[in-house]
Amino acid sequence: MIQLTPEEKAVYEWQMWIEEIGEAGQVKLKNSAALVSRCGGLGGPICYHLASAGIGTLALAHGGNVQPSDLNRQILMTHDSVGKSRMDSIRRRLLDYNPRLNIVAVPENITETNVAALVKQVDIVFDAAPLFQERFLMNGECVRQAKPMIEAAIFGMEGQVTTFLPGKTPCLACLYPETPPHWKRQFPVLGAVPAIAASVAAAEGIKVLLGFGETLAGTLLYFDARTMRFQRIPIRRRPDCPVCATGKV
Amino acid sequence: MKISVAYHAQIRLAAGVDQDLVEIPDGGTAVSALRAVSHGAEFTALLFDEQGRLRPVILLVVNDVPVEPDQALQPGDKVAVFSPVAGG
């Protein structure tokens with residue numbers, strides 16, 4: 001295990017006062033790696049919180065160039081990056097937050113070609129993709145490699161987060177047995193809403209990595225920011241799930 | 001019996017309302033409460049396939065517990081309908 005430098009001890013001093021983290025937990029974070037894809041309205045704040053908390057490595061997958069419509073919520077994209085590589089902006093912003101961060105920058109979205117190698121090199125995956133094809137690819141690979149996946153999603157003023165632990169909880173295919181036919185790539189969104197879901201997801205992921213607290217394993221946390229009502233919905237494995245049914249994990 | 005049906009995300013947008021209060025026969029099911037409302041073609045298409053079956057991606061929750069479509073309801077039950085949502 002790589003130990004903390006004096007600078008890191010200063011930076012994470014208040015964080016290490018959290019009983020369940022302490023210096024041992026901080027060292028564990030430093031020696032942990034996470035995959036986040038994509039790194040937009042949800043993934044961006046997730047990356048920020050993980051970087052700020054001192055995670056050692058972030059593997060990031062997000063293709064394309066920054067669009068003006070990204071800027072109401074994608075905190076890792078900047079106005080001067082419009083028209084330029086999203087991954088360049090993401091990398092620059094994250095290194096501003098944490099210059100010690102090791103970044104594996106992949107300027108493309110999750111595909112059948114890259115998903116296995118990306119999941120293999122991390123301890124945990126954060127699913128923040130806007131397309132179900134990408135979500136299902138990450139889900140399938142996490143089940144195959146027995147890696148935890150934090151699932152975050154939003155629409156308008158509503159959001160939801162859950163934690164998938166292969167072999168123990170439902171997987172994404174249990175929740176959605178087929179590709180949703182009416183999901184659209186573009187949807188209404190206020191930046192503060194994915195930020196809420198992302199903060200929950202980041203905290204969940206850190207808890208899973210460090211092994212403390214009660215996670216959202218087996219529970220879908222749903223919230224509506226219009227009313228600030230939060231609801232916990234138990235979710236179950238499907239015994240006939242084509243991805244995670246007994247014997248496949 | 002009176003049943004409240006609350007909508008979320010895309011379904012709420014298609015319905016144009018947050019919820020409905022419907023009257024269904026005693027012994028009615030979660031899916032029958034959904035069939036008792038009408039909010040246009042887009043709403044219907046989000047919930048039901050071409051054969052009129054509830055889409056398997058729709059999550060039905062009764063009093064905060066997920067249920068199968070044929071779950072029998074009790075008077076005053078609160079049905080919530082969730083459609084799949086992804087990232088951003």
# chains A, B, ... in the order shown; residues from 1 in each chain; ligands from 1
>>> select_by_dssp(residues="stretch 20-220 of chain A", states="strand (DSSP E)", output="PyMOL selection string")
chain A and resi 33-37+57-61+102-106+124-127+149-155+158-164+219-220
>>> closest_atom_pairs(of="chain A", to="chain B", cutoff="6 Å", atoms="only C-alpha atoms", output="JSON lines")
{"residue": "A:Gly40", "atom": "CA", "partner": "B:Gly88", "partner_atom": "CA", "distance": 5.9}
{"residue": "A:Gly41", "atom": "CA", "partner": "B:Gly88", "partner_atom": "CA", "distance": 5.0}
{"residue": "A:Leu42", "atom": "CA", "partner": "B:Gly88", "partner_atom": "CA", "distance": 5.7}
{"residue": "A:Ala128", "atom": "CA", "partner": "B:Gly87", "partner_atom": "CA", "distance": 4.8}
{"residue": "A:Ala129", "atom": "CA", "partner": "B:Gly87", "partner_atom": "CA", "distance": 4.7}
{"residue": "A:Pro130", "atom": "CA", "partner": "B:Gly87", "partner_atom": "CA", "distance": 4.0}
{"residue": "A:Ala153", "atom": "CA", "partner": "B:Ala86", "partner_atom": "CA", "distance": 4.5}
{"residue": "A:Ile154", "atom": "CA", "partner": "B:Gly87", "partner_atom": "CA", "distance": 5.8}
{"residue": "A:Phe155", "atom": "CA", "partner": "B:Ala9", "partner_atom": "CA", "distance": 5.7}
{"residue": "A:Tyr176", "atom": "CA", "partner": "B:Val57", "partner_atom": "CA", "distance": 4.7}
{"residue": "A:Ile233", "atom": "CA", "partner": "B:Asp64", "partner_atom": "CA", "distance": 5.9}
>>> atom_distance(atom1="atom CA of A:Leu137", atom2="atom CA of A:Arg185")
16.8 Å
>>> residues_around(residues="B:Val37", least_positions_apart="4", cutoff="12 Å", atoms="only C-alpha atoms", output="list of chain:residue names")
B:Ile3, B:Ser4, B:Val5, B:Ala6, B:Tyr7, B:Ala15, B:Val17, B:Gln19, B:Asp20, B:Leu21, B:Val22, B:Glu23, B:Ile24, B:Val31, B:Ser32, B:Ala33, B:Ala41, B:Phe43, B:Thr44, B:Leu47
>>> select_by_dssp(residues="stretch 75-141 of chain A", states="helix (DSSP H, G or I)", output="MDAnalysis selection string")
chainID A and resid 79:81 86:97 115:120 132:141
